[in-house]
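Enquirer: Below is run05.pdb; it holds PDB, C-alpha atoms and all ligand atoms.
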ATOM      1  CA  MET A   1      70.640  64.769  63.395
ATOM      2  CA  ASN A   2      69.623  61.107  63.456
ATOM      3  CA  PRO A   3      66.238  59.611  62.519
ATOM      4  CA  ALA A   4      65.502  58.650  66.137
ATOM      5  CA  SER A   5      65.674  62.274  67.237
ATOM      6  CA  LEU A   6      63.446  63.318  64.343
ATOM      7  CA  LYS A   7      60.848  60.819  65.529
ATOM      8  CA  GLU A   8      60.858  62.606  68.902
ATOM      9  CA  ARG A   9      60.862  66.153  67.557
ATOM     10  CA  ILE A  10      57.646  65.880  65.555
ATOM     11  CA  TYR A  11      54.586  66.395  67.754
ATOM     12  CA  VAL A  12      51.314  65.030  66.398
ATOM     13  CA  ALA A  13      48.479  67.376  67.422
ATOM     14  CA  LEU A  14      45.667  65.290  68.891
ATOM     15  CA  ASP A  15      42.900  67.692  67.893
ATOM     16  CA  VAL A  16      40.044  65.206  68.253
ATOM     17  CA  ASN A  17      37.006  65.227  70.512
ATOM     18  CA  THR A  18      36.736  61.692  71.859
ATOM     19  CA  ARG A  19      39.132  59.750  74.055
ATOM     20  CA  GLU A  20      38.679  56.653  71.861
ATOM     21  CA  ARG A  21      39.793  58.552  68.755
ATOM     22  CA  ALA A  22      42.781  60.074  70.581
ATOM     23  CA  LEU A  23      43.909  56.673  71.824
ATOM     24  CA  GLU A  24      43.423  55.083  68.394
ATOM     25  CA  VAL A  25      45.606  57.768  66.798
ATOM     26  CA  VAL A  26      48.349  57.266  69.394
ATOM     27  CA  ARG A  27      48.278  53.479  69.005
ATOM     28  CA  ALA A  28      48.486  53.771  65.211
ATOM     29  CA  VAL A  29      51.099  56.519  64.993
ATOM     30  CA  SER A  30      53.391  55.941  67.998
ATOM     31  CA  PRO A  31      55.545  53.254  66.339
ATOM     32  CA  VAL A  32      56.487  55.995  63.817
ATOM     33  CA  LEU A  33      56.232  59.288  65.762
ATOM     34  CA  SER A  34      56.371  59.096  69.541
ATOM     35  CA  SER A  35      55.556  62.688  70.629
ATOM     36  CA  PHE A  36      52.025  64.083  70.858
ATOM     37  CA  LYS A  37      50.414  67.448  71.495
ATOM     38  CA  VAL A  38      47.262  67.763  73.575
ATOM     39  CA  GLY A  39      45.291  70.962  73.143
ATOM     40  CA  MET A  40      42.176  72.603  74.514
ATOM     41  CA  GLU A  41      39.718  70.302  72.765
ATOM     42  CA  LEU A  42      40.895  67.151  74.500
ATOM     43  CA  PHE A  43      42.164  68.570  77.778
ATOM     44  CA  TYR A  44      39.181  70.781  78.628
ATOM     45  CA  PHE A  45      36.835  67.797  78.577
ATOM     46  CA  PHE A  46      38.974  64.871  79.724
ATOM     47  CA  GLY A  47      41.513  66.635  81.982
ATOM     48  CA  PRO A  48      44.739  65.052  83.274
ATOM     49  CA  ASP A  49      43.307  61.501  83.062
ATOM     50  CA  ILE A  50      43.605  61.565  79.295
ATOM     51  CA  LEU A  51      47.348  62.241  79.593
ATOM     52  CA  ARG A  52      47.828  59.049  81.615
ATOM     53  CA  GLU A  53      45.804  57.078  79.065
ATOM     54  CA  LEU A  54      47.755  58.500  76.137
ATOM     55  CA  ARG A  55      51.028  57.504  77.787
ATOM     56  CA  ALA A  56      49.728  53.985  78.343
ATOM     57  CA  ALA A  57      48.756  53.859  74.643
ATOM     58  CA  GLY A  58      52.309  54.729  73.532
ATOM     59  CA  ALA A  59      52.771  58.514  73.745
ATOM     60  CA  GLN A  60      56.313  58.956  75.011
ATOM     61  CA  ARG A  61      56.317  62.761  75.256
ATOM     62  CA  ILE A  62      53.330  65.038  75.741
ATOM     63  CA  PHE A  63      53.229  68.724  74.860
ATOM     64  CA  LEU A  64      50.291  70.353  76.644
ATOM     65  CA  ASP A  65      49.337  73.290  74.443
ATOM     66  CA  LEU A  66      46.805  75.365  76.378
ATOM     67  CA  LYS A  67      48.398  78.742  75.478
ATOM     68  CA  LEU A  68      47.924  80.240  78.922
ATOM     69  CA  HIS A  69      47.257  83.971  78.940
ATOM     70  CA  ASP A  70      46.064  85.877  82.020
ATOM     71  CA  ILE A  71      47.518  87.924  84.861
ATOM     72  CA  PRO A  72      50.798  86.552  86.271
ATOM     73  CA  ASN A  73      49.346  85.022  89.450
ATOM     74  CA  THR A  74      46.537  83.190  87.618
ATOM     75  CA  VAL A  75      48.770  81.793  84.884
ATOM     76  CA  ALA A  76      51.477  80.754  87.343
ATOM     77  CA  ARG A  77      48.989  78.867  89.515
ATOM     78  CA  ALA A  78      47.521  77.121  86.470
ATOM     79  CA  ALA A  79      50.986  76.229  85.166
ATOM     80  CA  ALA A  80      51.918  74.809  88.586
ATOM     81  CA  VAL A  81      48.961  72.386  88.619
ATOM     82  CA  LEU A  82      49.620  71.400  85.007
ATOM     83  CA  THR A  83      53.234  70.623  85.950
ATOM     84  CA  ARG A  84      51.938  67.903  88.267
ATOM     85  CA  SER A  85      50.652  65.969  85.255
ATOM     86  CA  GLY A  86      54.243  65.316  84.131
ATOM     87  CA  VAL A  87      54.032  66.883  80.681
ATOM     88  CA  ASP A  88      57.169  67.480  78.647
ATOM     89  CA  MET A  89      56.306  70.991  77.431
ATOM     90  CA  MET A  90      53.604  73.659  77.853
ATOM     91  CA  THR A  91      52.695  77.000  76.246
ATOM     92  CA  VAL A  92      51.908  80.542  77.352
ATOM     93  CA  HIS A  93      51.314  83.630  75.205
ATOM     94  CA  ALA A  94      54.345  85.947  75.024
ATOM     95  CA  SER A  95      51.909  88.860  74.849
ATOM     96  CA  GLY A  96      51.250  88.229  78.569
ATOM     97  CA  GLY A  97      54.561  90.040  79.106
ATOM     98  CA  SER A  98      57.816  89.355  80.934
ATOM     99  CA  ARG A  99      56.374  89.487  84.453
ATOM    100  CA  MET A 100      53.852  86.816  83.545
ATOM    101  CA  MET A 101      56.448  84.590  81.869
ATOM    102  CA  GLU A 102      58.966  84.940  84.727
ATOM    103  CA  THR A 103      56.294  84.146  87.332
ATOM    104  CA  VAL A 104      55.168  81.073  85.370
ATOM    105  CA  LEU A 105      58.668  79.748  85.047
ATOM    106  CA  ARG A 106      59.318  80.093  88.791
ATOM    107  CA  ALA A 107      56.030  78.374  89.626
ATOM    108  CA  VAL A 108      56.714  75.511  87.219
ATOM    109  CA  ALA A 109      60.276  75.040  88.508
ATOM    110  CA  ASP A 110      59.135  75.076  92.158
ATOM    111  CA  GLN A 111      56.318  72.613  91.481
ATOM    112  CA  ALA A 112      58.560  70.248  89.516
ATOM    113  CA  ALA A 113      61.141  70.320  92.324
ATOM    114  CA  ALA A 114      58.439  69.613  94.906
ATOM    115  CA  GLU A 115      57.197  66.641  92.847
ATOM    116  CA  GLY A 116      60.727  65.397  92.129
ATOM    117  CA  ILE A 117      60.082  65.412  88.381
ATOM    118  CA  PRO A 118      61.905  67.121  85.485
ATOM    119  CA  ARG A 119      60.751  70.683  84.858
ATOM    120  CA  PRO A 120      58.555  70.850  81.744
ATOM    121  CA  ARG A 121      59.847  73.157  79.047
ATOM    122  CA  VAL A 122      57.835  76.353  78.862
ATOM    123  CA  VAL A 123      57.564  77.984  75.435
ATOM    124  CA  ALA A 124      55.784  81.177  74.411
ATOM    125  CA  VAL A 125      53.539  81.699  71.403
ATOM    126  CA  THR A 126      54.885  84.691  69.462
ATOM    127  CA  GLN A 127      52.217  85.203  66.801
ATOM    128  CA  LEU A 128      49.792  82.423  65.915
ATOM    129  CA  THR A 129      50.531  80.789  62.566
ATOM    130  CA  SER A 130      46.943  81.635  61.530
ATOM    131  CA  THR A 131      47.861  85.342  61.677
ATOM    132  CA  ASP A 132      49.173  87.045  58.535
ATOM    133  CA  GLN A 133      50.856  90.406  58.075
ATOM    134  CA  LYS A 134      47.609  92.269  57.282
ATOM    135  CA  MET A 135      45.803  90.883  60.300
ATOM    136  CA  LEU A 136      48.765  91.706  62.551
ATOM    137  CA  ASN A 137      48.803  95.358  61.503
ATOM    138  CA  GLU A 138      45.150  96.072  60.736
ATOM    139  CA  GLU A 139      43.176  93.881  63.166
ATOM    140  CA  LEU A 140      45.545  93.466  66.083
ATOM    141  CA  GLY A 141      46.961  96.977  65.694
ATOM    142  CA  ILE A 142      50.549  95.785  66.055
ATOM    143  CA  PRO A 143      52.849  97.810  63.772
ATOM    144  CA  GLY A 144      55.930  96.457  61.991
ATOM    145  CA  SER A 145      56.684  93.376  59.969
ATOM    146  CA  MET A 146      55.725  89.918  61.206
ATOM    147  CA  THR A 147      59.372  88.943  61.491
ATOM    148  CA  GLU A 148      60.248  92.008  63.592
ATOM    149  CA  VAL A 149      57.321  91.378  65.930
ATOM    150  CA  VAL A 150      58.138  87.674  66.271
ATOM    151  CA  GLN A 151      61.803  88.489  66.932
ATOM    152  CA  GLN A 152      60.798  91.013  69.605
ATOM    153  CA  TYR A 153      58.505  88.494  71.359
ATOM    154  CA  ALA A 154      61.166  85.785  71.116
ATOM    155  CA  ARG A 155      63.731  88.096  72.707
ATOM    156  CA  LEU A 156      61.279  88.909  75.496
ATOM    157  CA  ALA A 157      60.556  85.202  76.107
ATOM    158  CA  GLN A 158      64.264  84.426  76.282
ATOM    159  CA  GLN A 159      64.953  87.338  78.645
ATOM    160  CA  SER A 160      62.132  86.009  80.837
ATOM    161  CA  GLY A 161      63.956  82.670  81.092
ATOM    162  CA  LEU A 162      61.682  80.576  78.867
ATOM    163  CA  ASP A 163      62.980  77.606  76.912
ATOM    164  CA  GLY A 164      61.754  78.679  73.503
ATOM    165  CA  VAL A 165      58.961  79.993  71.346
ATOM    166  CA  VAL A 166      56.255  78.897  68.938
ATOM    167  CA  ALA A 167      56.575  80.564  65.536
ATOM    168  CA  SER A 168      56.302  79.776  61.853
ATOM    169  CA  ALA A 169      59.133  78.199  59.877
ATOM    170  CA  GLU A 170      59.825  81.460  58.084
ATOM    171  CA  GLU A 171      60.823  83.230  61.291
ATOM    172  CA  VAL A 172      63.093  80.477  62.640
ATOM    173  CA  PRO A 173      66.396  81.784  61.180
ATOM    174  CA  LEU A 174      65.643  85.281  62.502
ATOM    175  CA  ILE A 175      64.826  83.947  65.954
ATOM    176  CA  ARG A 176      68.066  81.989  65.954
ATOM    177  CA  GLU A 177      69.870  85.171  64.919
ATOM    178  CA  VAL A 178      68.691  87.073  68.016
ATOM    179  CA  CYS A 179      68.281  84.223  70.535
ATOM    180  CA  GLY A 180      70.995  81.766  69.473
ATOM    181  CA  PRO A 181      70.767  78.140  68.299
ATOM    182  CA  ASP A 182      69.964  76.663  71.734
ATOM    183  CA  PHE A 183      66.704  78.554  72.136
ATOM    184  CA  LEU A 184      63.968  76.104  71.136
ATOM    185  CA  THR A 185      61.737  76.869  68.152
ATOM    186  CA  VAL A 186      58.458  74.956  67.946
ATOM    187  CA  VAL A 187      56.913  75.184  64.493
ATOM    188  CA  PRO A 188      53.244  74.478  63.658
ATOM    189  CA  GLY A 189      51.653  75.243  60.291
ATOM    190  CA  ILE A 190      53.396  72.208  58.784
ATOM    191  CA  ARG A 191      51.885  71.275  55.453
ATOM    192  CA  PRO A 192      53.477  68.262  53.754
ATOM    193  CA  ALA A 193      53.442  67.948  49.984
ATOM    194  CA  PHE A 194      50.745  65.251  50.077
ATOM    195  CA  TYR A 195      48.202  67.405  51.951
ATOM    196  CA  GLN A 196      45.545  69.542  50.240
ATOM    197  CA  ALA A 197      45.368  72.574  52.524
ATOM    198  CA  GLU A 198      42.741  74.646  50.686
ATOM    199  CA  GLY A 199      40.348  76.383  53.050
ATOM    200  CA  ASP A 200      42.648  75.765  55.978
ATOM    201  CA  ASP A 201      42.998  78.444  58.683
ATOM    202  CA  GLN A 202      46.822  78.391  58.700
ATOM    203  CA  ARG A 203      48.476  81.377  57.021
ATOM    204  CA  ARG A 204      52.214  81.017  57.704
ATOM    205  CA  VAL A 205      52.978  77.497  56.542
ATOM    206  CA  ALA A 206      55.905  75.380  55.397
ATOM    207  CA  THR A 207      56.621  71.817  54.389
ATOM    208  CA  PRO A 208      58.415  69.628  56.953
ATOM    209  CA  ARG A 209      61.517  69.827  54.824
ATOM    210  CA  GLU A 210      61.479  73.639  54.644
ATOM    211  CA  ALA A 211      60.951  73.896  58.411
ATOM    212  CA  LEU A 212      63.929  71.664  59.168
ATOM    213  CA  GLU A 213      66.139  73.396  56.631
ATOM    214  CA  ARG A 214      65.368  76.680  58.379
ATOM    215  CA  GLY A 215      66.532  75.147  61.671
ATOM    216  CA  ALA A 216      63.219  74.362  63.435
ATOM    217  CA  GLY A 217      63.687  72.525  66.735
ATOM    218  CA  CYS A 218      60.310  70.750  66.898
ATOM    219  CA  LEU A 219      57.498  70.458  64.366
ATOM    220  CA  VAL A 220      53.779  70.292  65.157
ATOM    221  CA  ILE A 221      51.421  68.615  62.711
ATOM    222  CA  GLY A 222      47.750  67.812  63.087
ATOM    223  CA  ARG A 223      45.256  67.716  60.204
ATOM    224  CA  PRO A 224      47.619  66.362  57.530
ATOM    225  CA  ILE A 225      47.841  63.202  59.648
ATOM    226  CA  LEU A 226      44.399  63.204  61.299
ATOM    227  CA  ARG A 227      42.521  63.693  58.017
ATOM    228  CA  SER A 228      44.398  60.944  56.251
ATOM    229  CA  PRO A 229      42.554  57.630  55.801
ATOM    230  CA  ASP A 230      45.662  55.910  57.194
ATOM    231  CA  TRP A 231      47.256  57.803  60.123
ATOM    232  CA  ARG A 232      50.334  55.625  60.318
ATOM    233  CA  GLU A 233      51.019  55.884  56.591
ATOM    234  CA  ALA A 234      50.638  59.684  56.791
ATOM    235  CA  ALA A 235      53.058  59.800  59.743
ATOM    236  CA  GLU A 236      55.552  57.744  57.729
ATOM    237  CA  ALA A 237      55.173  60.127  54.777
ATOM    238  CA  VAL A 238      55.820  63.134  57.058
ATOM    239  CA  LEU A 239      58.893  61.467  58.523
ATOM    240  CA  ALA A 240      60.162  60.643  55.034
ATOM    241  CA  GLU A 241      59.756  64.289  53.952
ATOM    242  CA  CYS A 242      61.561  65.431  57.108
ATOM    243  CA  ALA A 243      64.404  63.002  56.585
ATOM    244  CA  GLU A 244      64.910  64.454  53.104
ATOM    245  CA  GLY A 245      65.451  67.865  54.700
ATOM    246  CA  SER A 246      67.595  66.854  57.635
ATOM    247  CA  ARG A 247      70.917  66.374  55.820
ATOM    248  CA  LEU A 248      71.374  62.904  57.373
TER     249      LEU A 248
HETATM  250  O1  LIG B   1      50.773  79.457  66.333
HETATM  251  C1  LIG B   1      50.281  78.335  66.536
HETATM  252  C2  LIG B   1      50.291  77.723  67.776
HETATM  253  C3  LIG B   1      49.754  76.475  67.915
HETATM  254  N1  LIG B   1      49.207  75.832  66.875
HETATM  255  C4  LIG B   1      48.632  74.481  67.103
HETATM  256  O2  LIG B   1      49.305  73.527  66.277
HETATM  257  C5  LIG B   1      48.371  72.609  65.734
HETATM  258  C6  LIG B   1      48.439  72.687  64.242
HETATM  259  O3  LIG B   1      47.476  71.815  63.681
HETATM  260  P1  LIG B   1      47.270  71.661  62.119
HETATM  261  O4  LIG B   1      46.047  70.804  62.018
HETATM  262  O5  LIG B   1      48.505  70.957  61.600
HETATM  263  O6  LIG B   1      47.091  73.006  61.529
HETATM  264  C7  LIG B   1      46.994  72.952  66.310
HETATM  265  O7  LIG B   1      46.760  72.109  67.399
HETATM  266  C8  LIG B   1      47.155  74.380  66.796
HETATM  267  O8  LIG B   1      46.406  74.627  67.971
HETATM  268  C9  LIG B   1      49.181  76.426  65.649
HETATM  269  O9  LIG B   1      48.686  75.865  64.658
HETATM  270  N2  LIG B   1      49.744  77.667  65.513
END
Could you take the file, read its structure, and then write that structure out as structure tokens?
Expert:
Amino acid sequence: MNPASLKERIYVALDVNTRERALEVVRAVSPVLSSFKVGMELFYFFGPDILRELRAAGAQRIFLDLKLHDIPNTVARAAAVLTRSGVDMMTVHASGGSRMMETVLRAVADQAAAEGIPRPRVVAVTQLTSTDQKMLNEELGIPGSMTEVVQQYARLAQQSGLDGVVASAEEVPLIREVCGPDFLTVVPGIRPAFYQAEGDDQRRVATPREALERGAGCLVIGRPILRSPDWREAAEAVLAECAEGSRL
């Protein structure tokens, strides 16, 4: 792995509520990390226009993380319109089932072909990184260990033709065991050594170094950068921690 590819594989989550703030973050961080994640907060208010503005500000790859979850027809139609915005990657919930995931993938592929653009990667959320073992079993009523459940959802996503899954760093080796090394793992819940995470909602977390050592394909990191007084410096610190773990 070379440092250039690391720079591309770390997605900075733009969880902010104004377009000015989002653009400022991209301008500050993009010389260091060039991939960004847009979620509900930004997209629900500003729509596809914000994606164009982020690209103009320096975002080279955009991961649109809306975690679609509905009946197959509804999700597929939504995914098709989102494809038109030229994003690099998008998310659905694996709990929508194989029929939903297969229908989405077909819709995205057809739309991308019609637009003459590359097909965005579609990845499925297995279990949110804010969910712990107790919550999985007692609140959600899903039996079994977190790793078994995540493995099962990853297998289902792969059988449905998806490009990868979102999971915590801990589950990455087990996903690779059942799905192989080419199946993409996208890992949020990244907490670098410099970040004080007390009171945070994340439950299944890892440092950038741990995530890479476990074989994570892409990392997603938001608050440790956004809450820093100097976004660029924080991005550099994250990259430095990653480089330590990447066996360069
Ligand atoms: O299981 C998941 C799926 C998505 N996310 C998203 O990643 C970022 C993480 O932000 P932090 O501030 O670094 O916690 C956020 O946008 C989530 O929506 C996730 O955390 N877990």
Enquirer: I'd like the neighbourhood of region 82-90 of chain A as a PyMOL selection string, where a residue qualifies if any of its atoms comes within 6 Å (using only C-alpha atoms), though same-chain residues fewer than 3 positions away should be ignored.
Expert: chain A and resi 61-65+79+120-122
Enquirer: With the PyMOL selection byres (((not hetatm)) within 10 of (chain B and resi 1)) as the selection, what would be picked from this file? Answer as JSON, numbers by chain, please.
Expert: {"A": [11, 12, 13, 14, 15, 16, 37, 38, 39, 40, 41, 65, 66, 67, 91, 93, 124, 125, 126, 127, 128, 129, 130, 131, 165, 166, 167, 168, 186, 187, 188, 189, 190, 191, 192, 197, 200, 201, 202, 203, 204, 205, 219, 220, 221, 222, 223, 224, 225, 226, 227]}
Enquirer: Tell me which protein, DNA and RNA residues are within 12 Å of region 72-78 of chain A, counting all atoms listed in the file, leaving out same-chain ones fewer than 6 positions away, and put them as a list of chain:residue names.
Expert: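 Close residues of region 72-78 of chain A: A:Leu66, A:Arg84, A:Ser85, A:Met90, A:Thr91, A:Val92, A:His93, A:Ala94, A:Ser95, A:Gly96, A:Gly97, A:Ser98, A:Arg99, A:Met100, A:Met101, A:Glu102, A:Thr103, A:Val104, A:Leu105, A:Arg106, A:Ala107, A:Val108, A:Ala109, A:Asp110, A:Gln111, A:Val122.
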Enquirer: Next, the residues of the selection above should be written as a PDB file, in the coordinates of the input with C-alpha atoms.
Expert:
ATOM      1  CA  LEU A  66      46.805  75.365  76.378  1.00  0.00           C
ATOM      2  CA  ARG A  84      51.938  67.903  88.267  1.00  0.00           C
ATOM      3  CA  SER A  85      50.652  65.969  85.255  1.00  0.00           C
ATOM      4  CA  MET A  90      53.604  73.659  77.853  1.00  0.00           C
ATOM      5  CA  THR A  91      52.695  77.000  76.246  1.00  0.00           C
ATOM      6  CA  VAL A  92      51.908  80.542  77.352  1.00  0.00           C
ATOM      7  CA  HIS A  93      51.314  83.630  75.205  1.00  0.00           C
ATOM      8  CA  ALA A  94      54.345  85.947  75.024  1.00  0.00           C
ATOM      9  CA  SER A  95      51.909  88.860  74.849  1.00  0.00           C
ATOM     10  CA  GLY A  96      51.250  88.229  78.569  1.00  0.00           C
ATOM     11  CA  GLY A  97      54.561  90.040  79.106  1.00  0.00           C
ATOM     12  CA  SER A  98      57.816  89.355  80.934  1.00  0.00           C
ATOM     13  CA  ARG A  99      56.374  89.487  84.453  1.00  0.00           C
ATOM     14  CA  MET A 100      53.852  86.816  83.545  1.00  0.00           C
ATOM     15  CA  MET A 101      56.448  84.590  81.869  1.00  0.00           C
ATOM     16  CA  GLU A 102      58.966  84.940  84.727  1.00  0.00           C
ATOM     17  CA  THR A 103      56.294  84.146  87.332  1.00  0.00           C
ATOM     18  CA  VAL A 104      55.168  81.073  85.370  1.00  0.00           C
ATOM     19  CA  LEU A 105      58.668  79.748  85.047  1.00  0.00           C
ATOM     20  CA  ARG A 106      59.318  80.093  88.791  1.00  0.00           C
ATOM     21  CA  ALA A 107      56.030  78.374  89.626  1.00  0.00           C
ATOM     22  CA  VAL A 108      56.714  75.511  87.219  1.00  0.00           C
ATOM     23  CA  ALA A 109      60.276  75.040  88.508  1.00  0.00           C
ATOM     24  CA  ASP A 110      59.135  75.076  92.158  1.00  0.00           C
ATOM     25  CA  GLN A 111      56.318  72.613  91.481  1.00  0.00           C
ATOM     26  CA  VAL A 122      57.835  76.353  78.862  1.00  0.00           C
TER      27      VAL A 122
END
Enquirer: Could you tell me, as a PDB file with C-alpha atoms, keeping the file's coordinate frame, which residues have any atom at most 10 Å from (58.3, 57.5, 74.1), counting only C-alpha atoms?
Expert:
ATOM      1  CA  LYS A   7      60.848  60.819  65.529  1.00  0.00           C
ATOM      2  CA  GLU A   8      60.858  62.606  68.902  1.00  0.00           C
ATOM      3  CA  SER A  30      53.391  55.941  67.998  1.00  0.00           C
ATOM      4  CA  PRO A  31      55.545  53.254  66.339  1.00  0.00           C
ATOM      5  CA  LEU A  33      56.232  59.288  65.762  1.00  0.00           C
ATOM      6  CA  SER A  34      56.371  59.096  69.541  1.00  0.00           C
ATOM      7  CA  SER A  35      55.556  62.688  70.629  1.00  0.00           C
ATOM      8  CA  PHE A  36      52.025  64.083  70.858  1.00  0.00           C
ATOM      9  CA  ARG A  55      51.028  57.504  77.787  1.00  0.00           C
ATOM     10  CA  GLY A  58      52.309  54.729  73.532  1.00  0.00           C
ATOM     11  CA  ALA A  59      52.771  58.514  73.745  1.00  0.00           C
ATOM     12  CA  GLN A  60      56.313  58.956  75.011  1.00  0.00           C
ATOM     13  CA  ARG A  61      56.317  62.761  75.256  1.00  0.00           C
ATOM     14  CA  ILE A  62      53.330  65.038  75.741  1.00  0.00           C
TER      15      ILE A  62
END
Enquirer: I'd like the contact shell of Val32 (chain A) - 9 Å cut-off, all atoms listed in the file, skipping same-chain residues fewer than 5 positions apart - returned as a ChimeraX atom specification.
Expert: /A:7,232,235-236,239
Enquirer: Interatomic distance between CA of Val81 (chain A) and CA of Gly47 (chain A)?
Expert: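 Atom-to-atom, CA of Val81 (chain A) and CA of Gly47 (chain A) are spaced 11.5 Å apart.
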Enquirer: For Cys218 (chain A), work out the shell of residues within 6 Å, counting all atoms listed in the file and skipping chain neighbours fewer than 2 positions away, then give it as a PyMOL selection string.
Expert: chain A and resi 9-10+186+216
Enquirer: What would the file look like if the residues just selected were written as a PDB file, in the coordinates of the input with C-alpha atoms?
Expert:
ATOM      1  CA  ARG A   9      60.862  66.153  67.557  1.00  0.00           C
ATOM      2  CA  ILE A  10      57.646  65.880  65.555  1.00  0.00           C
ATOM      3  CA  VAL A 186      58.458  74.956  67.946  1.00  0.00           C
ATOM      4  CA  ALA A 216      63.219  74.362  63.435  1.00  0.00           C
TER       5      ALA A 216
END
